[in-house]
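> Sharing protein12.tsv (TSV, C-alpha atoms and all ligand atoms) below.
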chain	number	residue	atom	x	y	z
A	388	MET	CA	17.61	-6.42	-25.43
A	389	THR	CA	17.29	-7.63	-21.88
A	390	PHE	CA	19.41	-8.40	-18.85
A	391	THR	CA	18.79	-10.91	-16.06
A	392	VAL	CA	18.21	-10.40	-12.34
A	393	LYS	CA	17.03	-12.55	-9.47
A	394	ALA	CA	13.42	-12.31	-8.35
A	395	LEU	CA	11.21	-14.06	-5.85
A	396	GLN	CA	8.37	-15.68	-7.80
A	397	LYS	CA	5.54	-18.14	-7.29
A	398	THR	CA	4.74	-20.57	-10.11
A	399	GLY	CA	1.15	-21.03	-8.92
A	400	PRO	CA	-1.20	-19.74	-6.21
A	401	ASP	CA	-0.26	-22.47	-3.74
A	402	ALA	CA	3.41	-22.87	-4.72
A	403	PRO	CA	6.08	-21.60	-2.33
A	404	PHE	CA	8.17	-18.59	-3.27
A	405	GLU	CA	11.34	-19.45	-5.21
A	406	VAL	CA	14.30	-17.34	-6.22
A	407	ARG	CA	14.32	-17.45	-10.01
A	408	THR	CA	16.05	-15.59	-12.81
A	409	ILE	CA	13.93	-13.10	-14.74
A	410	GLU	CA	14.60	-10.73	-17.63
A	411	ARG	CA	14.34	-6.98	-17.37
A	412	ARG	CA	14.38	-4.82	-20.50
A	413	ASP	CA	17.40	-2.66	-21.25
A	414	PRO	CA	16.41	0.91	-20.47
A	415	ARG	CA	14.49	2.73	-23.16
A	416	PRO	CA	15.31	6.46	-23.53
A	417	ASP	CA	12.78	7.37	-20.80
A	418	ASP	CA	13.53	4.47	-18.42
A	419	VAL	CA	15.34	4.35	-15.09
A	420	VAL	CA	17.09	1.17	-13.86
A	421	ILE	CA	16.75	0.87	-10.08
A	422	ALA	CA	18.82	-1.35	-7.80
A	423	ILE	CA	16.20	-2.31	-5.21
A	424	LYS	CA	17.29	-2.01	-1.57
A	425	ALA	CA	14.00	-2.78	0.16
A	426	ALA	CA	10.60	-4.12	-0.88
A	427	GLY	CA	7.52	-3.99	1.34
A	428	ILE	CA	4.92	-6.78	1.55
A	429	CYS	CA	1.45	-5.35	1.00
A	430	HIS	CA	-1.72	-7.37	1.57
A	431	SER	CA	-2.53	-6.64	-2.10
A	432	ASP	CA	0.49	-8.77	-3.04
A	433	ILE	CA	-1.17	-11.64	-1.17
A	434	HIS	CA	-4.64	-11.08	-2.69
A	435	THR	CA	-3.04	-10.96	-6.16
A	436	ILE	CA	-0.62	-13.86	-6.11
A	437	ARG	CA	-3.19	-16.14	-4.48
A	438	GLN	CA	-5.64	-15.15	-7.24
A	439	GLU	CA	-8.15	-13.84	-4.70
A	440	TRP	CA	-8.90	-10.93	-7.05
A	441	GLY	CA	-8.89	-13.01	-10.24
A	442	PRO	CA	-6.52	-15.01	-12.44
A	443	VAL	CA	-2.89	-14.00	-12.91
A	444	THR	CA	-0.07	-15.30	-15.09
A	445	TYR	CA	2.73	-17.31	-13.42
A	446	PRO	CA	5.60	-17.31	-12.68
A	447	LEU	CA	4.93	-14.02	-10.94
A	448	ALA	CA	6.91	-11.71	-8.68
A	449	VAL	CA	4.75	-9.23	-6.78
A	450	GLY	CA	5.83	-6.20	-4.71
A	451	HIS	CA	4.84	-2.56	-5.24
A	452	GLU	CA	6.56	-0.86	-2.33
A	453	ILE	CA	10.00	-0.37	-3.83
A	454	ALA	CA	12.90	1.73	-2.54
A	455	GLY	CA	16.33	1.79	-4.12
A	456	VAL	CA	19.08	3.60	-5.95
A	457	VAL	CA	19.24	4.62	-9.60
A	458	GLU	CA	21.79	2.42	-11.31
A	459	ALA	CA	21.41	3.57	-14.93
A	460	VAL	CA	19.22	5.93	-16.92
A	461	GLY	CA	18.00	5.99	-20.53
A	462	SER	CA	19.43	8.54	-22.96
A	463	GLY	CA	16.47	10.89	-22.59
A	464	VAL	CA	16.05	10.83	-18.82
A	465	THR	CA	16.37	14.27	-17.31
A	466	ALA	CA	14.75	14.02	-13.88
A	467	PHE	CA	17.05	11.36	-12.38
A	468	ALA	CA	20.74	10.53	-12.30
A	469	VAL	CA	22.78	7.51	-11.25
A	470	GLY	CA	22.97	7.36	-7.45
A	471	ASP	CA	19.64	9.08	-6.74
A	472	ARG	CA	17.50	7.63	-3.93
A	473	VAL	CA	14.17	6.70	-5.47
A	474	GLY	CA	10.93	4.81	-5.02
A	475	VAL	CA	8.31	3.09	-7.15
A	476	GLY	CA	4.79	2.29	-6.06
A	477	CYS	CA	1.88	0.48	-7.69
A	478	LEU	CA	2.20	1.97	-11.19
A	479	VAL	CA	4.95	1.86	-13.79
A	480	ASN	CA	3.23	3.49	-16.76
A	481	SER	CA	0.05	5.17	-18.06
A	482	CYS	CA	-0.98	6.94	-21.27
A	483	GLY	CA	-0.02	10.39	-19.96
A	484	GLU	CA	-2.59	12.02	-22.26
A	485	CYS	CA	-6.11	11.31	-20.98
A	486	ALA	CA	-8.02	13.68	-18.71
A	487	GLU	CA	-7.15	11.62	-15.61
A	488	CYS	CA	-3.41	11.49	-16.37
A	489	LEU	CA	-3.41	15.21	-17.15
A	490	ASP	CA	-5.08	15.75	-13.76
A	491	ASP	CA	-2.31	13.79	-11.96
A	492	GLN	CA	-4.63	10.82	-11.37
A	493	GLU	CA	-2.59	8.18	-13.21
A	494	GLN	CA	-4.20	5.47	-11.09
A	495	SER	CA	-7.44	6.16	-13.00
A	496	CYS	CA	-5.86	6.40	-16.50
A	497	LEU	CA	-8.70	6.10	-19.02
A	498	ASN	CA	-6.54	4.08	-21.41
A	499	GLY	CA	-5.41	1.60	-18.78
A	500	ASN	CA	-2.29	2.11	-16.71
A	501	VAL	CA	0.44	-0.49	-16.24
A	502	GLY	CA	0.62	-1.91	-12.73
A	503	THR	CA	3.98	-2.73	-11.19
A	504	TYR	CA	3.15	-6.44	-11.32
A	505	ALA	CA	0.74	-8.85	-13.03
A	506	SER	CA	-0.03	-6.22	-15.67
A	507	THR	CA	0.66	-6.18	-19.42
A	508	ASP	CA	3.63	-3.90	-20.07
A	509	VAL	CA	4.21	-1.66	-23.10
A	510	ASP	CA	6.28	-4.46	-24.69
A	511	GLY	CA	3.57	-7.09	-24.13
A	512	THR	CA	5.34	-8.86	-21.26
A	513	ILE	CA	3.76	-9.35	-17.83
A	514	THR	CA	5.19	-6.91	-15.31
A	515	GLN	CA	7.24	-8.42	-12.49
A	516	GLY	CA	7.23	-6.52	-9.20
A	517	GLY	CA	9.61	-5.42	-6.51
A	518	TYR	CA	10.53	-8.75	-4.85
A	519	SER	CA	13.59	-8.57	-7.07
A	520	GLU	CA	17.11	-7.20	-7.32
A	521	LYS	CA	16.34	-4.55	-9.92
A	522	VAL	CA	13.45	-2.99	-11.79
A	523	VAL	CA	13.20	-0.87	-14.95
A	524	VAL	CA	10.60	1.89	-14.82
A	525	ASN	CA	9.52	4.84	-16.94
A	526	GLU	CA	10.89	7.96	-15.25
A	527	ARG	CA	7.41	9.52	-14.92
A	528	PHE	CA	6.62	6.79	-12.37
A	529	VAL	CA	9.71	7.22	-10.23
A	530	VAL	CA	9.65	9.42	-7.13
A	531	ARG	CA	12.40	10.77	-4.89
A	532	ILE	CA	12.95	9.38	-1.41
A	533	PRO	CA	14.03	12.24	0.86
A	534	ASP	CA	17.44	11.74	2.53
A	535	ALA	CA	15.77	11.73	5.95
A	536	LEU	CA	14.00	8.44	5.18
A	537	PRO	CA	16.03	5.19	5.26
A	538	PHE	CA	15.10	2.81	2.41
A	539	ASP	CA	13.61	0.05	4.57
A	540	VAL	CA	11.13	2.27	6.42
A	541	ALA	CA	10.41	4.32	3.29
A	542	ALA	CA	9.49	1.39	1.03
A	543	PRO	CA	6.03	0.81	2.60
A	544	LEU	CA	5.17	4.47	2.05
A	545	LEU	CA	5.01	3.80	-1.70
A	546	CYS	CA	1.71	1.95	-1.24
A	547	ALA	CA	0.56	1.99	2.40
A	548	GLY	CA	1.65	5.63	2.77
A	549	ILE	CA	0.00	7.07	-0.32
A	550	THR	CA	-3.15	4.94	0.02
A	551	THR	CA	-3.88	6.45	3.43
A	552	TYR	CA	-2.47	9.93	2.72
A	553	SER	CA	-4.68	10.49	-0.31
A	554	PRO	CA	-8.16	10.04	1.25
A	555	LEU	CA	-7.13	11.94	4.39
A	556	ALA	CA	-6.10	14.83	2.10
A	557	ARG	CA	-9.15	14.53	-0.16
A	558	TRP	CA	-11.54	14.76	2.80
A	559	ASP	CA	-9.45	17.55	4.26
A	560	VAL	CA	-8.84	16.01	7.67
A	561	ALA	CA	-7.92	18.90	9.96
A	562	PRO	CA	-7.34	19.75	13.64
A	563	GLY	CA	-10.41	18.95	15.69
A	564	ASP	CA	-11.70	16.23	13.37
A	565	LYS	CA	-12.46	12.90	14.97
A	566	VAL	CA	-10.94	10.23	12.73
A	567	ALA	CA	-11.24	6.47	13.24
A	568	VAL	CA	-8.75	4.16	11.56
A	569	LEU	CA	-10.38	0.75	11.15
A	570	GLY	CA	-7.81	-2.08	11.06
A	571	LEU	CA	-4.28	-1.55	12.36
A	572	GLY	CA	-2.13	-3.28	9.76
A	573	GLY	CA	0.28	-1.90	7.15
A	574	LEU	CA	-2.14	0.70	5.81
A	575	GLY	CA	-3.74	1.45	9.16
A	576	HIS	CA	-0.50	2.22	10.95
A	577	MET	CA	0.37	4.82	8.31
A	578	GLY	CA	-3.18	6.20	8.45
A	579	VAL	CA	-2.85	6.77	12.19
A	580	GLN	CA	0.42	8.65	11.82
A	581	ILE	CA	-0.74	10.80	8.89
A	582	ALA	CA	-4.13	11.66	10.45
A	583	LYS	CA	-2.34	12.65	13.67
A	584	ALA	CA	0.17	14.78	11.75
A	585	ARG	CA	-2.82	16.58	10.18
A	586	GLY	CA	-4.02	17.43	13.69
A	587	ALA	CA	-6.93	15.00	14.02
A	588	ASP	CA	-8.07	13.24	17.16
A	589	VAL	CA	-7.34	9.63	16.16
A	590	THR	CA	-9.09	6.48	17.38
A	591	VAL	CA	-7.91	3.04	16.28
A	592	LEU	CA	-10.66	0.46	15.82
A	593	SER	CA	-9.00	-2.92	16.09
A	594	ARG	CA	-10.40	-6.40	16.66
A	595	SER	CA	-8.75	-6.56	20.08
A	596	LEU	CA	-6.57	-4.42	22.34
A	597	LYS	CA	-3.46	-6.48	21.50
A	598	LYS	CA	-1.88	-3.64	19.50
A	599	GLU	CA	-2.92	-0.88	21.92
A	600	GLN	CA	0.56	0.05	23.15
A	601	ALA	CA	1.95	0.20	19.62
A	602	ALA	CA	-1.02	2.26	18.43
A	603	LEU	CA	-0.49	4.82	21.18
A	604	GLU	CA	3.19	5.03	20.24
A	605	LEU	CA	2.17	5.74	16.65
A	606	GLY	CA	0.17	8.71	17.92
A	607	ALA	CA	-3.33	7.32	18.34
A	608	ASP	CA	-5.35	9.01	21.07
A	609	ARG	CA	-7.20	5.81	21.95
A	610	VAL	CA	-7.76	2.25	20.84
A	611	LEU	CA	-11.15	0.53	20.90
A	612	ALA	CA	-11.76	-3.18	20.48
A	613	THR	CA	-14.53	-3.75	17.96
A	614	SER	CA	-15.18	-7.22	19.41
A	615	GLU	CA	-16.15	-5.81	22.79
A	616	GLU	CA	-19.78	-6.21	23.74
A	617	GLY	CA	-21.78	-3.04	23.21
A	618	PHE	CA	-19.02	-1.43	21.09
A	619	PHE	CA	-21.29	-0.20	18.29
A	620	ALA	CA	-23.96	1.20	20.61
A	621	ALA	CA	-21.38	2.95	22.79
A	622	HIS	CA	-19.77	4.87	19.92
A	623	LYS	CA	-22.77	5.93	17.84
A	624	ARG	CA	-22.31	9.19	15.87
A	625	GLU	CA	-18.80	9.72	17.19
A	626	PHE	CA	-16.58	10.17	14.10
A	627	ASP	CA	-16.24	12.63	11.25
A	628	LEU	CA	-14.34	10.11	9.14
A	629	ILE	CA	-13.67	6.39	9.25
A	630	LEU	CA	-10.74	5.16	7.20
A	631	ASN	CA	-11.51	1.49	6.55
A	632	THR	CA	-8.29	-0.42	5.87
A	633	VAL	CA	-9.59	-3.92	6.63
A	634	SER	CA	-8.59	-6.68	4.19
A	635	ALA	CA	-11.77	-8.66	4.95
A	636	GLU	CA	-15.53	-8.04	4.95
A	637	VAL	CA	-16.90	-5.65	7.56
A	638	ASN	CA	-20.47	-4.81	8.58
A	639	LEU	CA	-20.83	-1.52	6.71
A	640	ASP	CA	-24.22	-0.68	8.23
A	641	ALA	CA	-22.83	-1.05	11.73
A	642	TYR	CA	-19.76	1.11	11.04
A	643	LEU	CA	-21.79	3.81	9.28
A	644	ARG	CA	-23.75	4.23	12.52
A	645	LEU	CA	-20.49	5.34	14.17
A	646	LEU	CA	-20.34	8.39	11.88
A	647	LYS	CA	-21.68	11.80	12.80
A	648	PRO	CA	-24.32	13.16	10.41
A	649	ARG	CA	-22.60	14.05	7.11
A	650	GLY	CA	-19.63	11.88	8.11
A	651	VAL	CA	-17.49	10.00	5.59
A	652	MET	CA	-16.45	6.37	5.47
A	653	ALA	CA	-13.50	6.08	3.09
A	654	CYS	CA	-12.75	2.47	2.14
A	655	VAL	CA	-9.28	1.46	1.02
A	656	GLY	CA	-9.26	-2.14	2.23
A	657	ALA	CA	-10.08	-4.34	-0.76
A	658	PRO	CA	-11.46	-7.73	0.29
A	659	PRO	CA	-12.38	-9.97	-2.62
A	660	GLN	CA	-15.91	-10.61	-1.35
A	661	ALA	CA	-18.93	-8.39	-2.04
A	662	MET	CA	-20.36	-6.58	0.97
A	663	SER	CA	-23.99	-5.69	1.52
A	664	LEU	CA	-25.32	-2.31	2.54
A	665	ARG	CA	-28.73	-0.89	3.49
A	666	ILE	CA	-29.05	2.39	1.61
A	667	GLY	CA	-30.91	3.69	4.66
A	668	SER	CA	-27.55	3.62	6.48
A	669	LEU	CA	-26.43	6.41	4.14
A	670	ILE	CA	-29.72	8.30	3.91
A	671	GLY	CA	-30.10	8.82	7.64
A	672	GLY	CA	-27.53	11.49	8.47
A	673	ARG	CA	-26.70	12.07	4.75
A	674	LYS	CA	-23.51	10.03	5.04
A	675	VAL	CA	-20.83	9.44	2.43
A	676	LEU	CA	-19.45	6.01	1.60
A	677	THR	CA	-16.49	6.29	-0.73
A	678	GLY	CA	-13.37	4.49	-1.90
A	679	SER	CA	-9.84	5.52	-2.75
A	680	ASP	CA	-7.21	3.95	-5.01
A	681	ILE	CA	-3.56	4.63	-4.03
A	682	GLY	CA	-2.84	8.16	-5.34
A	683	GLY	CA	-1.24	9.85	-8.34
A	684	ILE	CA	2.50	10.23	-8.80
A	685	ALA	CA	2.64	13.92	-7.85
A	686	GLU	CA	0.67	13.19	-4.68
A	687	THR	CA	2.97	10.26	-3.90
A	688	GLN	CA	5.94	12.67	-3.98
A	689	GLU	CA	3.98	15.11	-1.81
A	690	MET	CA	3.30	12.28	0.68
A	691	LEU	CA	7.00	11.30	0.86
A	692	ASP	CA	7.98	14.91	1.49
A	693	PHE	CA	5.22	15.22	4.13
A	694	CYS	CA	6.45	12.07	5.90
A	695	ALA	CA	10.05	13.28	5.88
A	696	GLN	CA	9.00	16.69	7.18
A	697	HIS	CA	6.88	15.23	9.99
A	698	GLY	CA	9.27	12.40	10.88
A	699	LEU	CA	6.82	9.67	9.81
A	700	ALA	CA	7.85	6.27	8.51
A	701	ALA	CA	6.73	2.66	8.53
A	702	ARG	CA	7.30	0.37	11.52
A	703	ILE	CA	8.80	-2.70	9.97
A	704	GLU	CA	10.05	-6.20	10.48
A	705	LYS	CA	12.90	-6.89	8.07
A	706	ILE	CA	13.18	-10.36	6.52
A	707	GLY	CA	15.31	-12.23	4.03
A	708	VAL	CA	14.08	-13.70	0.74
A	709	ASP	CA	13.76	-17.11	2.42
A	710	ALA	CA	11.15	-15.90	4.93
A	711	VAL	CA	8.41	-14.55	2.68
A	712	ASP	CA	6.11	-17.59	2.80
A	713	ASP	CA	6.06	-17.40	6.60
A	714	ALA	CA	5.57	-13.66	6.45
A	715	TYR	CA	2.44	-14.09	4.31
A	716	GLU	CA	0.92	-16.41	6.91
A	717	ARG	CA	1.67	-13.89	9.62
A	718	VAL	CA	0.16	-10.99	7.64
A	719	ILE	CA	-3.02	-13.01	7.15
A	720	ALA	CA	-3.10	-13.75	10.87
A	721	GLY	CA	-2.68	-10.02	11.64
A	722	ASP	CA	0.64	-10.85	13.32
A	723	VAL	CA	3.00	-8.12	12.12
A	724	GLN	CA	3.84	-4.70	13.51
A	725	PHE	CA	3.28	-3.38	10.98
A	726	ARG	CA	4.93	-4.16	7.66
A	727	PHE	CA	7.29	-6.88	6.51
A	728	VAL	CA	10.07	-5.52	4.33
A	729	ILE	CA	12.32	-7.76	2.25
A	730	ASP	CA	16.01	-6.95	2.53
A	731	THR	CA	17.03	-7.46	-1.10
A	732	ALA	CA	20.70	-7.85	-0.11
A	733	THR	CA	19.70	-11.42	0.82
A	734	PHE	CA	19.27	-12.26	-2.89
A	735	ALA	CA	23.09	-12.36	-3.05
A	736	ASP	CA	23.28	-15.71	-1.23
A	737	ALA	CA	20.28	-17.30	-2.94
A	738	GLU	CA	20.86	-19.80	-5.75
A	739	PRO	CA	18.09	-19.44	-8.39
A	740	VAL	CA	16.09	-22.60	-9.09
A	741	ALA	CA	15.52	-21.51	-12.70
B	801	LIG	P1	-2.80	-5.86	6.62
B	801	LIG	O1	-1.47	-5.36	7.01
B	801	LIG	O2	-3.07	-7.31	6.60
B	801	LIG	O3	-3.86	-5.12	7.56
B	801	LIG	C1	-5.23	-5.36	7.50
B	801	LIG	C2	-5.83	-5.19	8.89
B	801	LIG	O4	-7.24	-5.47	8.77
B	801	LIG	C3	-5.32	-6.18	9.92
B	801	LIG	O5	-4.17	-5.73	10.55
B	801	LIG	C4	-6.49	-6.26	10.89
B	801	LIG	O6	-6.45	-5.17	11.80
B	801	LIG	C5	-7.69	-6.06	9.99
B	801	LIG	N1	-8.31	-7.34	9.65
B	801	LIG	C6	-7.78	-8.38	8.98
B	801	LIG	N2	-8.65	-9.40	8.87
B	801	LIG	C7	-9.77	-8.99	9.47
B	801	LIG	C8	-11.03	-9.58	9.67
B	801	LIG	N3	-11.31	-10.81	9.23
B	801	LIG	N4	-11.98	-8.85	10.33
B	801	LIG	C9	-11.70	-7.62	10.77
B	801	LIG	N5	-10.49	-7.01	10.61
B	801	LIG	C10	-9.56	-7.69	9.97
B	801	LIG	O7	-3.17	-5.36	5.17
B	801	LIG	P2	-2.75	-4.00	4.41
B	801	LIG	O8	-1.53	-4.26	3.62
B	801	LIG	O9	-2.82	-2.88	5.35
B	801	LIG	O10	-3.94	-3.90	3.35
B	801	LIG	C11	-5.27	-3.77	3.80
B	801	LIG	C12	-6.24	-3.87	2.64
B	801	LIG	O11	-6.08	-2.72	1.80
B	801	LIG	C13	-6.01	-5.07	1.72
B	801	LIG	O12	-7.29	-5.57	1.32
B	801	LIG	C14	-5.27	-4.48	0.54
B	801	LIG	O13	-5.44	-5.21	-0.65
B	801	LIG	C15	-5.93	-3.14	0.45
B	801	LIG	N6	-5.16	-2.11	-0.26
B	801	LIG	C16	-5.86	-1.19	-0.98
B	801	LIG	C17	-5.19	-0.17	-1.61
B	801	LIG	C18	-5.97	0.87	-2.37
B	801	LIG	O14	-5.39	1.59	-3.17
B	801	LIG	N7	-7.24	1.04	-2.08
B	801	LIG	C19	-3.80	-0.09	-1.55
B	801	LIG	C20	-3.12	-1.02	-0.78
B	801	LIG	C21	-3.80	-2.03	-0.13
B	801	LIG	P3	-6.66	-5.42	13.39
B	801	LIG	O15	-5.75	-6.56	13.75
B	801	LIG	O16	-6.26	-4.12	13.96
B	801	LIG	O17	-8.10	-5.74	13.61
B	802	ZN	ZN	-0.16	-2.24	-1.84
Would it be possible to restate this file's structure as structure tokens?

Amino acid sequence: MTFTVKALQKTGPDAPFEVRTIERRDPRPDDVVIAIKAAGICHSDIHTIRQEWGPVTYPLAVGHEIAGVVEAVGSGVTAFAVGDRVGVGCLVNSCGECAECLDDQEQSCLNGNVGTYASTDVDGTITQGGYSEKVVVNERFVVRIPDALPFDVAAPLLCAGITTYSPLARWDVAPGDKVAVLGLGGLGHMGVQIAKARGADVTVLSRSLKKEQAALELGADRVLATSEEGFFAAHKREFDLILNTVSAEVNLDAYLRLLKPRGVMACVGAPPQAMSLRIGSLIGGRKVLTGSDIGGIAETQEMLDFCAQHGLAARIEKIGVDAVDDAYERVIAGDVQFRFVIDTATFADAEPVA
């Protein structure tokens, strides 16, 4: 059985967003029904729904930065109760049995995990994401939002937070390390805060100095404009780690020259285009070029607790369901400080078109 809720969907890559009625399944024994309070807009939502990463099935609601309140639980749910403050990120299910799942790396599930949107669910339907009033999720994929974090500034942590937390933890960023965050958008602004909280000396590499004041407020030690003449030559061999959050192609060879010998460039930005690389850029100085995919569920909880403990949260611009098309244009133009978050209360006044 199913129940209906409102969701913000597109019916094609170039169609505007529309409030439409969708079906959510009644909770299975291990499901949690969440009344969504806030949903962040990640650049991955844009890549996906515009089919920049490949074909998707429409109508589609995206959104994988979800914060809300438990409204109902299945008969077998033990970890959550009605009224709990919870979050859901990019995953809503995985096999739970493969080596990766058993190692808390559900994002790499060997049997194929279920993404929060545009993915085939356990019942064969296409998952519909967080731009919606409610979502039904297996309890293993639900995390707790600490009381210290309001829903709207917590929602972006569910993707932007974990995606930057995980590589900074994996490469053990510590006091004294010189970290560069490349691209100051939704991911980048969390990367700055988390790297700073880990004690690093943090440099923001942005296309211009337009966001300098905001970057310093986030804790950055300095901001450098990558478009400035002589930038690459002036900062050769300066950083231990570059966290690349850029949603477009970058000149990998040029950025690798900014690393100290044995430095690491961790890429999380996921532009659709292929990028070229001279292997010599890695050989000289024995450098590491690596990627990172969100993080597992246990690490996502660890990240939320870390953010609450260190007073970190997203800087957001809150919008109603009628403003998402405009918001997408502004994200693409790099014109948001630093995450749009949909206030799902605005669904109440919206008449569904279907
Ligand atoms: P965003 O808010 O749009 O930020 C991206 C930033 O990249 C911009 O603020 C801008 O920074 C820089 N940028 C954009 N276009 C550029 C260009 N043409 N040349 C150079 N710099 C450019 O996006 P986001 O939500 O943070 O996501 C960033 C990327 O990470 C996306 O590709 C997204 O799909 C991906 N992602 C990956 C994961 C993962 O698990 N690996 C998870 C979430 C998102 P400045 O204005 O400071 O230059
Ligand atoms: Zn995302």
> Return as number ranges by chain every polymer residue, whether protein, DNA or RNA, with at least one atom no more than 7 Å from an atom of ligand LIG 801 (chain B); count all atoms listed in the file.
A: 429-431, 434, 546-547, 550, 569-575, 592-595, 632-637, 655-658, 679-681, 718-719, 721, 725-726
> Got a sec: who's within 9 Å of stretch 466-471 of chain A, counting all atoms listed in the file, leaving out chain neighbours fewer than 2 positions off, as a compact mmCIF listing (two decimals) with C-alpha atoms, in the frame of the given file?

# COMPACT_ATOMS: atom_id res chain seq x y z
CA VAL A 419 15.34 4.35 -15.09
CA VAL A 420 17.09 1.17 -13.86
CA GLY A 455 16.33 1.79 -4.12
CA VAL A 456 19.08 3.60 -5.95
CA VAL A 457 19.24 4.62 -9.60
CA GLU A 458 21.79 2.42 -11.31
CA ALA A 459 21.41 3.57 -14.93
CA VAL A 460 19.22 5.93 -16.92
CA VAL A 464 16.05 10.83 -18.82
CA VAL A 473 14.17 6.70 -5.47
CA GLU A 526 10.89 7.96 -15.25
CA ARG A 527 7.41 9.52 -14.92
CA VAL A 529 9.71 7.22 -10.23
CA ARG A 531 12.40 10.77 -4.89
CA ILE A 532 12.95 9.38 -1.41
> Could you pull the residues within 10 Å of A:Arg437, counting all atoms listed in the file, minus those fewer than 6 positions along the same chain, as a list in words?
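Counting all atoms listed in the file, the residues come to Lys397, Gly399, Pro400, Asp401, Ala402, Ser431 and Val443 of chain A.
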> Excluding same-chain residues fewer than 4 positions from stretch 482-487 of chain A, what lies within 9 Å of it counting only C-alpha atoms, as a short mmCIF file (atom, residue, chain, number, x, y, z; two decimals) with C-alpha atoms, keeping the file's coordinate frame?

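The new file part.cif reads:
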data_model
loop_
_atom_site.label_atom_id
_atom_site.label_comp_id
_atom_site.auth_asym_id
_atom_site.auth_seq_id
_atom_site.Cartn_x
_atom_site.Cartn_y
_atom_site.Cartn_z
CA ASP A 491 -2.31 13.79 -11.96
CA GLN A 492 -4.63 10.82 -11.37
CA GLU A 493 -2.59 8.18 -13.21
CA GLN A 494 -4.20 5.47 -11.09
CA SER A 495 -7.44 6.16 -13.00
CA CYS A 496 -5.86 6.40 -16.50
CA LEU A 497 -8.70 6.10 -19.02
CA ASN A 498 -6.54 4.08 -21.41
CA GLY A 499 -5.41 1.60 -18.78
CA ASN A 500 -2.29 2.11 -16.71
#
> May I have the protein, DNA and RNA residues with any atom at most 8 Å from the point (15.7, -8.1, -4.0), counting all atoms listed in the file, written as a short mmCIF file (atom, residue, chain, number, x, y, z; two decimals) with C-alpha atoms, in the coordinates of the input?

data_model
loop_
_atom_site.label_atom_id
_atom_site.label_comp_id
_atom_site.auth_asym_id
_atom_site.auth_seq_id
_atom_site.Cartn_x
_atom_site.Cartn_y
_atom_site.Cartn_z
CA LYS A 393 17.03 -12.55 -9.47
CA ALA A 394 13.42 -12.31 -8.35
CA LEU A 395 11.21 -14.06 -5.85
CA ILE A 423 16.20 -2.31 -5.21
CA LYS A 424 17.29 -2.01 -1.57
CA ALA A 425 14.00 -2.78 0.16
CA ALA A 426 10.60 -4.12 -0.88
CA GLY A 517 9.61 -5.42 -6.51
CA TYR A 518 10.53 -8.75 -4.85
CA SER A 519 13.59 -8.57 -7.07
CA GLU A 520 17.11 -7.20 -7.32
CA LYS A 521 16.34 -4.55 -9.92
CA VAL A 708 14.08 -13.70 0.74
CA ILE A 729 12.32 -7.76 2.25
CA ASP A 730 16.01 -6.95 2.53
CA THR A 731 17.03 -7.46 -1.10
CA ALA A 732 20.70 -7.85 -0.11
CA THR A 733 19.70 -11.42 0.82
CA PHE A 734 19.27 -12.26 -2.89
#
> For atom CA of A:His451 and atom CA of A:Gly474, determine how far apart the two atoms are, in Å to one decimal place.
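Pair atom CA of A:His451 / atom CA of A:Gly474 returns 9.6 Å.
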> Considering only C-alpha atoms, state which residue in the set A:Gln580, A:Thr444, A:Thr514, A:Gln438 is at the smallest distance from A:Thr398.
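For A:Thr398, the nearest of the candidates is A:Thr444.
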> Box time for stretch 627-639 of chain A: axis-aligned, enclosing all its listed atoms, 3 Å extra on each side; report centre and edge lengths in Å to one decimal, as JSON.

{"center_x": -14.6, "center_y": 2.0, "center_z": 7.7, "size_x": 18.5, "size_y": 27.3, "size_z": 13.1}
> How far is it from atom CA of A:Leu691 to atom CA of A:Val475, in Å with one decimal?
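Spanning atom CA of A:Leu691 to atom CA of A:Val475 is a straight-line distance of 11.5 Å.
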